[in-house]
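To be precise, the following lines are work16.pdb, and they hold PDB, C-alpha atoms.
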ATOM      1  CA  MET A   1       3.096 -19.861   3.575
ATOM      2  CA  THR A   2       5.927 -21.433   1.563
ATOM      3  CA  GLN A   3       6.560 -22.060  -2.100
ATOM      4  CA  LYS A   4       6.475 -25.650  -3.353
ATOM      5  CA  LYS A   5       9.244 -25.139  -5.899
ATOM      6  CA  ALA A   6      12.205 -22.857  -6.497
ATOM      7  CA  ALA A   7      11.348 -19.929  -8.756
ATOM      8  CA  GLN A   8      12.033 -20.601 -12.428
ATOM      9  CA  PRO A   9      12.112 -17.853 -15.087
ATOM     10  CA  LYS A  10       9.021 -17.549 -17.259
ATOM     11  CA  GLN A  11       9.705 -18.010 -20.934
ATOM     12  CA  GLY A  12       9.750 -15.047 -23.273
ATOM     13  CA  LEU A  13       9.460 -12.055 -20.958
ATOM     14  CA  HIS A  14      11.775  -9.073 -21.381
ATOM     15  CA  PRO A  15      15.134  -9.435 -19.539
ATOM     16  CA  ARG A  16      14.374  -6.377 -17.363
ATOM     17  CA  ASN A  17      10.872  -7.544 -16.501
ATOM     18  CA  PRO A  18      10.802  -8.267 -12.738
ATOM     19  CA  HIS A  19       7.968 -10.778 -13.227
ATOM     20  CA  ARG A  20      10.068 -13.408 -14.991
ATOM     21  CA  ALA A  21      10.106 -15.708 -11.959
ATOM     22  CA  ARG A  22       7.161 -17.658 -10.579
ATOM     23  CA  TYR A  23       4.967 -15.627  -8.288
ATOM     24  CA  ASP A  24       6.390 -15.698  -4.766
ATOM     25  CA  PHE A  25       3.117 -15.945  -2.878
ATOM     26  CA  ALA A  26       4.797 -15.952   0.530
ATOM     27  CA  THR A  27       6.240 -12.501  -0.181
ATOM     28  CA  LEU A  28       3.170 -11.189  -1.982
ATOM     29  CA  THR A  29       0.826 -12.144   0.851
ATOM     30  CA  GLN A  30       3.107 -10.385   3.328
ATOM     31  CA  SER A  31       2.722  -7.106   1.452
ATOM     32  CA  THR A  32      -0.964  -7.719   0.660
ATOM     33  CA  PRO A  33      -2.487 -10.026   3.329
ATOM     34  CA  GLU A  34      -5.902 -10.163   1.617
ATOM     35  CA  LEU A  35      -4.318 -12.219  -1.176
ATOM     36  CA  ALA A  36      -3.910 -15.224   1.164
ATOM     37  CA  GLN A  37      -7.608 -16.168   0.964
ATOM     38  CA  TYR A  38      -7.247 -16.795  -2.795
ATOM     39  CA  VAL A  39      -4.035 -18.852  -2.700
ATOM     40  CA  SER A  40      -4.286 -22.643  -3.008
ATOM     41  CA  GLU A  41      -2.556 -25.583  -4.644
ATOM     42  CA  ASN A  42      -3.061 -25.872  -8.386
ATOM     43  CA  ALA A  43      -3.019 -29.012 -10.541
ATOM     44  CA  TYR A  44       0.792 -29.089 -10.408
ATOM     45  CA  GLY A  45       0.820 -28.992  -6.620
ATOM     46  CA  ASP A  46       2.193 -25.425  -6.674
ATOM     47  CA  LEU A  47       0.744 -22.459  -4.831
ATOM     48  CA  SER A  48      -1.331 -20.323  -7.166
ATOM     49  CA  VAL A  49      -4.615 -18.465  -7.490
ATOM     50  CA  ASN A  50      -7.666 -19.392  -9.529
ATOM     51  CA  PHE A  51      -7.246 -17.289 -12.659
ATOM     52  CA  SER A  52     -10.937 -17.814 -13.482
ATOM     53  CA  ASP A  53     -11.879 -15.841 -10.369
ATOM     54  CA  PRO A  54     -11.998 -12.070 -11.101
ATOM     55  CA  LEU A  55     -11.506 -11.163  -7.425
ATOM     56  CA  ALA A  56      -8.460 -13.424  -7.166
ATOM     57  CA  VAL A  57      -6.920 -11.872 -10.277
ATOM     58  CA  LYS A  58      -7.607  -8.326  -9.073
ATOM     59  CA  THR A  59      -6.128  -9.026  -5.645
ATOM     60  CA  LEU A  60      -3.032 -10.575  -7.226
ATOM     61  CA  ASN A  61      -2.625  -7.399  -9.284
ATOM     62  CA  LYS A  62      -2.895  -5.304  -6.123
ATOM     63  CA  ALA A  63      -0.140  -7.379  -4.546
ATOM     64  CA  LEU A  64       2.150  -7.144  -7.588
ATOM     65  CA  LEU A  65       1.710  -3.382  -7.887
ATOM     66  CA  LYS A  66       2.315  -2.952  -4.156
ATOM     67  CA  HIS A  67       5.401  -5.170  -4.005
ATOM     68  CA  PHE A  68       7.167  -4.249  -7.244
ATOM     69  CA  TYR A  69       6.043  -0.651  -7.831
ATOM     70  CA  GLN A  70       5.201   0.604  -4.321
ATOM     71  CA  VAL A  71       1.630   1.483  -5.277
ATOM     72  CA  ASP A  72      -0.292   1.729  -2.020
ATOM     73  CA  TYR A  73      -3.772   2.138  -3.502
ATOM     74  CA  TRP A  74      -5.104   0.337  -6.563
ATOM     75  CA  ASP A  75      -8.614  -0.791  -7.419
ATOM     76  CA  ILE A  76     -10.977  -0.857 -10.406
ATOM     77  CA  PRO A  77     -14.767  -0.850 -10.742
ATOM     78  CA  ALA A  78     -16.447  -4.204 -11.297
ATOM     79  CA  GLY A  79     -16.451  -5.352 -14.910
ATOM     80  CA  PHE A  80     -13.485  -3.296 -16.099
ATOM     81  CA  LEU A  81     -10.341  -4.744 -17.640
ATOM     82  CA  CYS A  82      -7.988  -6.185 -15.023
ATOM     83  CA  PRO A  83      -4.788  -6.643 -17.024
ATOM     84  CA  PRO A  84      -2.072  -9.234 -16.357
ATOM     85  CA  ILE A  85       0.812  -7.196 -14.963
ATOM     86  CA  PRO A  86       3.754  -9.162 -16.498
ATOM     87  CA  GLY A  87       2.567  -8.583 -20.064
ATOM     88  CA  ARG A  88       1.881  -4.907 -19.414
ATOM     89  CA  ALA A  89       5.382  -4.470 -18.008
ATOM     90  CA  ASP A  90       6.853  -6.088 -21.133
ATOM     91  CA  TYR A  91       5.319  -3.436 -23.407
ATOM     92  CA  ILE A  92       6.840  -0.681 -21.266
ATOM     93  CA  HIS A  93      10.302  -2.256 -21.333
ATOM     94  CA  TYR A  94      10.206  -2.750 -25.110
ATOM     95  CA  ILE A  95       9.248   0.899 -25.560
ATOM     96  CA  ALA A  96      12.270   1.769 -23.419
ATOM     97  CA  ASP A  97      14.437  -0.293 -25.786
ATOM     98  CA  LEU A  98      12.863   1.444 -28.784
ATOM     99  CA  LEU A  99      13.734   4.856 -27.367
ATOM    100  CA  ALA A 100      17.239   3.676 -26.497
ATOM    101  CA  GLN A 101      17.841   2.648 -30.107
ATOM    102  CA  SER A 102      17.211   6.278 -31.059
ATOM    103  CA  ASN A 103      19.391   7.581 -28.225
ATOM    104  CA  GLY A 104      22.759   5.911 -28.656
ATOM    105  CA  GLY A 105      21.741   2.844 -26.659
ATOM    106  CA  ALA A 106      20.756   4.685 -23.464
ATOM    107  CA  VAL A 107      17.150   4.614 -22.264
ATOM    108  CA  PRO A 108      15.868   8.199 -21.872
ATOM    109  CA  GLN A 109      14.584   8.526 -18.324
ATOM    110  CA  GLY A 110      12.978  11.094 -16.071
ATOM    111  CA  LYS A 111      10.062  13.492 -16.223
ATOM    112  CA  GLY A 112      11.265  15.045 -19.482
ATOM    113  CA  VAL A 113      10.101  11.933 -21.327
ATOM    114  CA  ARG A 114       6.376  11.967 -22.120
ATOM    115  CA  GLY A 115       4.142   9.130 -23.214
ATOM    116  CA  LEU A 116       0.527   9.034 -24.383
ATOM    117  CA  ASP A 117      -1.468   5.936 -23.405
ATOM    118  CA  ILE A 118      -4.438   5.552 -25.746
ATOM    119  CA  GLY A 119      -7.204   3.845 -23.759
ATOM    120  CA  ILE A 120      -5.698   4.054 -20.278
ATOM    121  CA  GLY A 121      -8.702   2.194 -18.869
ATOM    122  CA  ALA A 122      -9.802   2.195 -15.258
ATOM    123  CA  ASN A 123      -6.599   0.389 -14.219
ATOM    124  CA  CYS A 124      -3.918   2.990 -15.147
ATOM    125  CA  VAL A 125      -1.332   0.182 -15.267
ATOM    126  CA  TYR A 126       0.913   1.280 -18.163
ATOM    127  CA  PRO A 127       1.561   4.762 -16.708
ATOM    128  CA  ILE A 128       2.109   3.290 -13.238
ATOM    129  CA  ILE A 129       4.848   0.963 -14.476
ATOM    130  CA  GLY A 130       6.373   3.479 -16.886
ATOM    131  CA  HIS A 131       6.656   6.154 -14.216
ATOM    132  CA  ARG A 132       7.813   3.909 -11.392
ATOM    133  CA  VAL A 133      10.505   2.184 -13.489
ATOM    134  CA  TYR A 134      11.730   4.979 -15.781
ATOM    135  CA  GLY A 135      10.341   8.168 -14.240
ATOM    136  CA  TRP A 136       8.351   9.023 -17.386
ATOM    137  CA  GLN A 137       5.375  11.375 -17.420
ATOM    138  CA  PHE A 138       2.101  10.221 -18.975
ATOM    139  CA  VAL A 139      -1.112  11.450 -20.476
ATOM    140  CA  GLY A 140      -3.851   8.829 -20.664
ATOM    141  CA  SER A 141      -6.877   9.138 -22.943
ATOM    142  CA  GLU A 142     -10.155   7.330 -22.327
ATOM    143  CA  ILE A 143     -13.713   7.461 -23.725
ATOM    144  CA  ASP A 144     -15.408   5.940 -20.668
ATOM    145  CA  LYS A 145     -16.228   8.472 -17.934
ATOM    146  CA  LEU A 146     -16.166   5.910 -15.108
ATOM    147  CA  ALA A 147     -12.767   4.647 -16.283
ATOM    148  CA  VAL A 148     -11.484   8.234 -16.288
ATOM    149  CA  LYS A 149     -12.740   8.714 -12.731
ATOM    150  CA  SER A 150     -11.083   5.470 -11.582
ATOM    151  CA  ALA A 151      -7.721   6.218 -13.236
ATOM    152  CA  LYS A 152      -7.699   9.741 -11.817
ATOM    153  CA  PHE A 153      -8.428   8.372  -8.348
ATOM    154  CA  ILE A 154      -5.518   5.929  -8.575
ATOM    155  CA  ALA A 155      -3.126   8.674  -9.742
ATOM    156  CA  ALA A 156      -4.285  11.093  -7.049
ATOM    157  CA  ASN A 157      -4.146   8.624  -4.148
ATOM    158  CA  ASN A 158      -0.589   7.377  -4.586
ATOM    159  CA  PRO A 159       2.080   9.865  -3.466
ATOM    160  CA  ARG A 160       4.678   8.216  -5.728
ATOM    161  CA  LEU A 161       2.506   9.007  -8.774
ATOM    162  CA  LYS A 162       1.842  12.633  -7.840
ATOM    163  CA  GLY A 163       2.027  14.949 -10.834
ATOM    164  CA  ALA A 164       3.132  12.161 -13.172
ATOM    165  CA  ILE A 165      -0.148  11.081 -14.787
ATOM    166  CA  GLN A 166      -2.808  13.202 -16.446
ATOM    167  CA  ILE A 167      -6.038  11.601 -17.658
ATOM    168  CA  ARG A 168      -8.131  13.151 -20.429
ATOM    169  CA  LEU A 169     -11.664  12.258 -21.498
ATOM    170  CA  GLN A 170     -12.025  11.672 -25.227
ATOM    171  CA  ASN A 171     -15.529  12.861 -26.105
ATOM    172  CA  ASN A 172     -15.548  11.624 -29.702
ATOM    173  CA  VAL A 173     -15.325   7.834 -30.136
ATOM    174  CA  ASP A 174     -14.045   8.315 -33.687
ATOM    175  CA  ASN A 175     -11.019  10.279 -32.502
ATOM    176  CA  ILE A 176      -7.782   8.760 -31.266
ATOM    177  CA  PHE A 177      -5.069  11.407 -31.526
ATOM    178  CA  THR A 178      -7.424  14.174 -32.626
ATOM    179  CA  ASP A 179      -8.302  16.350 -29.599
ATOM    180  CA  MET A 180      -5.778  14.452 -27.459
ATOM    181  CA  ILE A 181      -2.494  15.891 -28.751
ATOM    182  CA  ASN A 182      -2.755  19.651 -28.439
ATOM    183  CA  GLU A 183      -1.304  21.978 -31.051
ATOM    184  CA  GLU A 184       1.969  22.761 -29.246
ATOM    185  CA  GLU A 185       2.296  19.453 -27.412
ATOM    186  CA  VAL A 186       4.927  16.784 -28.060
ATOM    187  CA  PHE A 187       5.269  13.163 -26.977
ATOM    188  CA  ASP A 188       8.257  10.862 -27.134
ATOM    189  CA  PHE A 189       5.995   7.875 -27.695
ATOM    190  CA  THR A 190       2.399   6.730 -27.798
ATOM    191  CA  MET A 191       1.145   3.299 -26.822
ATOM    192  CA  CYS A 192      -2.120   1.441 -27.212
ATOM    193  CA  ASN A 193      -3.686  -1.940 -26.477
ATOM    194  CA  PRO A 194      -6.554  -1.729 -28.993
ATOM    195  CA  PRO A 195      -9.833  -3.631 -28.782
ATOM    196  CA  PHE A 196      -9.289  -6.678 -30.969
ATOM    197  CA  HIS A 197     -12.809  -8.059 -31.460
ATOM    198  CA  GLY A 198     -15.149  -6.755 -34.144
ATOM    199  CA  SER A 199     -18.399  -7.354 -32.244
ATOM    200  CA  GLU A 200     -19.812  -8.333 -28.857
ATOM    201  CA  ALA A 201     -20.682 -11.788 -30.231
ATOM    202  CA  GLU A 202     -17.068 -12.288 -31.340
ATOM    203  CA  ALA A 203     -15.841 -11.225 -27.890
ATOM    204  CA  MET A 204     -18.192 -13.690 -26.157
ATOM    205  CA  ALA A 205     -17.133 -16.501 -28.501
ATOM    206  CA  GLY A 206     -13.520 -15.801 -27.565
ATOM    207  CA  SER A 207     -14.410 -15.977 -23.875
ATOM    208  CA  GLU A 208     -16.176 -19.308 -24.354
ATOM    209  CA  ARG A 209     -13.120 -20.745 -26.112
ATOM    210  CA  LYS A 210     -10.973 -19.526 -23.246
ATOM    211  CA  VAL A 211     -13.170 -21.286 -20.679
ATOM    212  CA  ARG A 212     -13.081 -24.533 -22.658
ATOM    213  CA  ASN A 213      -9.302 -24.317 -22.918
ATOM    214  CA  LEU A 214      -8.983 -23.716 -19.175
ATOM    215  CA  ALA A 215     -11.034 -26.826 -18.446
ATOM    216  CA  SER A 216      -9.158 -28.950 -20.996
ATOM    217  CA  ASN A 217      -5.733 -27.853 -19.787
ATOM    218  CA  SER A 218      -6.667 -28.433 -16.155
ATOM    219  CA  ASN A 219      -7.781 -32.006 -16.926
ATOM    220  CA  LYS A 220      -4.550 -32.724 -18.808
ATOM    221  CA  LYS A 221      -2.450 -31.374 -15.937
ATOM    222  CA  ARG A 222      -4.184 -33.557 -13.352
ATOM    223  CA  GLN A 223      -3.883 -36.653 -15.527
ATOM    224  CA  ALA A 224      -0.201 -35.957 -16.149
ATOM    225  CA  HIS A 225       0.383 -35.712 -12.397
ATOM    226  CA  GLY A 226      -1.689 -38.797 -11.558
ATOM    227  CA  ARG A 227      -4.297 -36.811  -9.653
ATOM    228  CA  SER A 228      -7.791 -38.010  -8.833
ATOM    229  CA  ASN A 229     -10.686 -36.989 -11.083
ATOM    230  CA  LYS A 230     -12.442 -35.701  -7.997
ATOM    231  CA  LEU A 231     -11.975 -31.943  -8.221
ATOM    232  CA  SER A 232     -10.927 -29.748  -5.361
ATOM    233  CA  ALA A 233     -12.947 -26.612  -4.801
ATOM    234  CA  PHE A 234     -10.109 -24.659  -6.412
ATOM    235  CA  ASN A 235     -10.254 -26.620  -9.667
ATOM    236  CA  ALA A 236     -14.040 -26.792  -9.711
ATOM    237  CA  LYS A 237     -14.229 -23.016  -9.977
ATOM    238  CA  SER A 238     -11.856 -22.861 -12.901
ATOM    239  CA  GLU A 239     -13.797 -25.476 -14.867
ATOM    240  CA  SER A 240     -17.136 -23.761 -14.988
ATOM    241  CA  THR A 241     -18.756 -23.923 -18.416
ATOM    242  CA  THR A 242     -20.101 -20.399 -18.000
ATOM    243  CA  PRO A 243     -17.931 -17.794 -19.762
ATOM    244  CA  VAL A 244     -16.124 -15.694 -17.163
ATOM    245  CA  LEU A 245     -14.172 -12.616 -18.177
ATOM    246  CA  ASN A 246     -11.573 -13.116 -15.485
ATOM    247  CA  PHE A 247      -9.696 -10.060 -16.691
ATOM    248  CA  GLY A 248     -12.957  -8.159 -17.202
ATOM    249  CA  GLY A 249     -13.538  -5.613 -19.909
ATOM    250  CA  GLN A 250     -16.120  -3.095 -21.040
ATOM    251  CA  ARG A 251     -17.290  -2.819 -24.640
ATOM    252  CA  ALA A 252     -14.706  -0.164 -25.578
ATOM    253  CA  GLU A 253     -11.938  -2.316 -24.086
ATOM    254  CA  LEU A 254     -12.890  -5.525 -25.882
ATOM    255  CA  TRP A 255     -14.459  -4.707 -29.237
ATOM    256  CA  CYS A 256     -15.175  -1.986 -31.768
ATOM    257  CA  THR A 257     -16.512  -1.775 -35.301
ATOM    258  CA  GLY A 258     -13.813  -3.112 -37.605
ATOM    259  CA  GLY A 259     -12.022  -4.868 -34.754
ATOM    260  CA  GLU A 260      -8.297  -4.556 -34.183
ATOM    261  CA  VAL A 261      -7.306  -3.807 -37.761
ATOM    262  CA  GLY A 262     -10.025  -1.172 -38.179
ATOM    263  CA  PHE A 263      -8.965   0.605 -35.007
ATOM    264  CA  ILE A 264      -5.271   0.561 -35.901
ATOM    265  CA  LYS A 265      -5.898   1.833 -39.454
ATOM    266  CA  LYS A 266      -7.775   4.780 -37.956
ATOM    267  CA  MET A 267      -4.920   5.318 -35.510
ATOM    268  CA  ILE A 268      -2.377   5.333 -38.334
ATOM    269  CA  ASN A 269      -4.368   7.863 -40.370
ATOM    270  CA  GLN A 270      -4.709  10.223 -37.415
ATOM    271  CA  SER A 271      -1.042   9.835 -36.466
ATOM    272  CA  ALA A 272      -0.094  11.317 -39.834
ATOM    273  CA  THR A 273      -1.806  14.564 -38.794
ATOM    274  CA  LYS A 274       0.503  14.729 -35.741
ATOM    275  CA  ALA A 275       3.605  13.575 -37.602
ATOM    276  CA  THR A 276       6.127  15.972 -36.044
ATOM    277  CA  GLN A 277       4.600  15.993 -32.545
ATOM    278  CA  CYS A 278       5.605  12.455 -31.601
ATOM    279  CA  PHE A 279       8.794  10.461 -32.154
ATOM    280  CA  TRP A 280       7.425   6.904 -32.003
ATOM    281  CA  PHE A 281       3.799   5.899 -32.426
ATOM    282  CA  THR A 282       3.228   2.326 -31.226
ATOM    283  CA  THR A 283       0.441  -0.198 -30.841
ATOM    284  CA  LEU A 284       0.033  -3.785 -29.771
ATOM    285  CA  VAL A 285      -1.097  -6.174 -32.519
ATOM    286  CA  SER A 286      -2.549  -9.438 -31.238
ATOM    287  CA  LYS A 287      -3.458 -10.984 -34.593
ATOM    288  CA  LYS A 288      -0.494 -11.765 -36.842
ATOM    289  CA  GLU A 289      -2.732 -11.903 -39.916
ATOM    290  CA  ASN A 290      -3.453  -8.173 -39.491
ATOM    291  CA  LEU A 291       0.170  -7.148 -40.009
ATOM    292  CA  GLY A 292      -0.011  -7.031 -43.812
ATOM    293  CA  VAL A 293      -2.929  -4.584 -43.792
ATOM    294  CA  ILE A 294      -1.205  -2.471 -41.136
ATOM    295  CA  TYR A 295       2.038  -2.270 -43.129
ATOM    296  CA  LYS A 296       0.128  -1.217 -46.273
ATOM    297  CA  GLN A 297      -1.644   1.525 -44.339
ATOM    298  CA  LEU A 298       1.684   2.796 -43.006
ATOM    299  CA  GLU A 299       2.977   2.944 -46.587
ATOM    300  CA  LYS A 300      -0.074   4.976 -47.618
ATOM    301  CA  VAL A 301       0.617   7.646 -44.993
ATOM    302  CA  SER A 302       4.362   7.667 -45.842
ATOM    303  CA  ALA A 303       5.751   6.594 -42.465
ATOM    304  CA  PHE A 304       9.521   7.099 -42.603
ATOM    305  CA  GLN A 305      10.438   4.075 -40.479
ATOM    306  CA  VAL A 306       8.494   1.042 -39.229
ATOM    307  CA  LYS A 307       9.607  -1.531 -36.648
ATOM    308  CA  THR A 308       7.937  -4.697 -35.419
ATOM    309  CA  ILE A 309       8.872  -5.996 -31.978
ATOM    310  CA  GLU A 310       7.824  -9.522 -31.076
ATOM    311  CA  MET A 311       6.806 -10.221 -27.490
ATOM    312  CA  SER A 312       6.007 -13.582 -25.944
ATOM    313  CA  GLN A 313       4.864 -14.991 -22.641
ATOM    314  CA  GLY A 314       4.970 -18.762 -22.638
ATOM    315  CA  GLN A 315       3.177 -19.865 -25.794
ATOM    316  CA  LYS A 316       1.316 -16.580 -26.238
ATOM    317  CA  ILE A 317       2.898 -14.361 -28.890
ATOM    318  CA  SER A 318       1.996 -10.758 -29.671
ATOM    319  CA  ARG A 319       3.884  -7.902 -31.232
ATOM    320  CA  VAL A 320       4.338  -4.153 -31.086
ATOM    321  CA  VAL A 321       4.296  -2.206 -34.330
ATOM    322  CA  ALA A 322       6.105   1.143 -34.088
ATOM    323  CA  TRP A 323       6.352   3.873 -36.690
ATOM    324  CA  THR A 324       7.778   7.375 -37.007
ATOM    325  CA  PHE A 325       7.413  10.144 -39.566
ATOM    326  CA  LEU A 326      10.680  11.815 -38.507
ATOM    327  CA  ASN A 327      13.571  11.530 -40.929
ATOM    328  CA  GLU A 328      17.133  10.932 -39.753
ATOM    329  CA  GLU A 329      17.895  14.634 -39.340
ATOM    330  CA  GLN A 330      14.704  15.254 -37.386
ATOM    331  CA  GLN A 331      15.382  12.247 -35.184
ATOM    332  CA  ALA A 332      18.863  13.553 -34.356
ATOM    333  CA  GLU A 333      17.439  16.967 -33.485
ATOM    334  CA  TRP A 334      14.782  15.380 -31.249
ATOM    335  CA  GLN A 335      17.399  13.317 -29.431
ATOM    336  CA  ALA A 336      19.666  16.323 -28.877
ATOM    337  CA  GLU A 337      16.907  18.633 -27.677
ATOM    338  CA  ARG A 338      14.924  16.243 -25.451
ATOM    339  CA  TRP A 339      17.160  13.365 -24.370
ATOM    340  CA  ALA A 340      20.744  14.608 -24.358
TER
END
Whole structure, structure tokens version:
Amino acid sequence: MTQKKAAQPKQGLHPRNPHRARYDFATLTQSTPELAQYVSENAYGDLSVNFSDPLAVKTLNKALLKHFYQVDYWDIPAGFLCPPIPGRADYIHYIADLLAQSNGGAVPQGKGVRGLDIGIGANCVYPIIGHRVYGWQFVGSEIDKLAVKSAKFIAANNPRLKGAIQIRLQNNVDNIFTDMINEEEVFDFTMCNPPFHGSEAEAMAGSERKVRNLASNSNKKRQAHGRSNKLSAFNAKSESTTPVLNFGGQRAELWCTGGEVGFIKKMINQSATKATQCFWFTTLVSKKENLGVIYKQLEKVSAFQVKTIEMSQGQKISRVVAWTFLNEEQQAEWQAERWA
């Protein structure tokens, strides 16, 4: 199997992100042969997979994790979030930059660096990348028992992840840091990809818009390349009018009361109770219009320093908001004691 075009960097991804080039399906199918059944020509005439097919997306993830991070076993239960690996890697690399800014420009690496992944999900992807690239140790919290079981199974069945990832069940859906950060425990950072819809109906409406956009974009691509209106089987799948959560997602992964801003406000309030037990608290923010409310909430809890890091992948833009309660003297002490 050969590529149609030379690999070109994807726009916007972090400079250290290994997924900046087009997917090399010849190499990926060598490491994960089962991927070959999902590879076909897209509307551009390039080799690709149907991103509306959940099995194709999951198998592509398996191949990426195998090839780039040497993860031999990875799988998730049906219906759970199957995250796009390039975007997940970006968050990890920007956290590394954030830590480096507090460490004289050098990224703190190794098992002495600890991160807390709020909502690790069944996929365990953030800790996998963070440990395999930087050697960090992780705790992952999760409210879904099946997701906990899946993440634990992934961590236990990959020798290269042995002892690096601990998964904890959060029994109270109203708690984020409460009951997850123990009294004497410290973390160098926390991270979270919060549910951004406020209801199931809102989540379904978003999925329907996504399906319509997929169909519209596919038509435009074929017309631009002078292709026939007669669809191939590959394109026919991607243009179904039935909403398909190609990246999956359970209720807790996709929506919560109050949506993204409600979840993050709760996170900010609880972070203040753990102010000296973590250097940088961070969260993804998908909706730019929520930033003002988030900044006001951080002022209310007297965060000492707040940073906003913009991330982009093609035309999709998101951002990471990071905050710390440590003053300059406390930050220097943390750096000297944990990262020197």
Expected selection from the PyMOL selection byres ((chain A and resi 187) around 10), given as a ChimeraX atom specification: /A:112-116,137-139,181,185-186,188-190,276-281
Just give me the gap between CA of Glu142 in chain A and CA of Arg16 in chain A in Å, one decimal is fine.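 For CA of Glu142 in chain A relative to CA of Arg16 in chain A, the distance reads 28.5 Å.
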Applied to the shown file, which residues does the PyMOL selection byres ((chain A and resi 97-99) around 12) return, written as a ChimeraX atom specification? /A:14-16,90-96,100-109,113-115,134,187-190,278-282,306-309,320-324,331,334-335,338-339
What does the distance between CA of Cys124 in chain A and CA of Ile294 in chain A come to in Å, to one decimal place? 26.7 Å
With a distance cut-off of 10 Å and all atoms listed in the file, select the neighbouring residues of His19 in chain A, excluding the residue or stretch itself and same-chain residues fewer than 5 positions from it, and output the selection as an NGL selection string. :A and (9-10 or 13-14 or 24 or 64 or 68 or 85-87 or 89-90)
Ref. answer, residues at most 6 Å from (-9.4, -5.5, -7.8) with all atoms listed in the file, as a ChimeraX atom specification: /A:58-59,75-76
Would you be able to write out as a VMD selection string which residues have an atom within 10 Å of (-3.2, 3.0, -4.1) in the file's coordinates, counting all atoms listed in the file? chain A and resid 62 65 to 66 70 to 75 153 to 161
Give me the box for range 40-59 of chain A as JSON, namely the centre and edge lengths in Å to one decimal of a box along x, y and z that holds every listed atom plus 3 Å on each side.
{"center_x": -4.9, "center_y": -18.7, "center_z": -8.2, "size_x": 20.2, "size_y": 26.8, "size_z": 16.5}
Counting all atoms listed in the file, figure out which residue out of A:Ala122, A:Cys192, A:Ala164, A:Ala63 gets nearest to Gly110 in chain A.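 The shortest atom-to-atom distance to Gly110 in chain A comes from A:Ala164.
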So that I can check the surroundings of Ser48 in chain A, please list as a compact mmCIF listing (two decimals) with C-alpha atoms, in the coordinates of the input every protein, DNA and RNA residue that reaches within 8 Å of it, counting only C-alpha atoms and ignoring chain neighbours fewer than 3 positions away.
# COMPACT_ATOMS: atom_id res chain seq x y z
CA TYR A 23 4.97 -15.63 -8.29
CA PHE A 25 3.12 -15.94 -2.88
CA VAL A 39 -4.04 -18.85 -2.70
CA SER A 40 -4.29 -22.64 -3.01
CA GLU A 41 -2.56 -25.58 -4.64
CA ASN A 42 -3.06 -25.87 -8.39
In Å to one decimal, how far is CA of Met191 in chain A from CA of Asp117 in chain A?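 Computing it gives 5.0 Å between the two atoms.
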Run the PyMOL selection byres ((chain A and resi 123) around 10) against the file shown and list the residues it catches, as a PyMOL selection string. chain A and resi 74-77+80-83+120-122+124-128+147-148+150-152+154
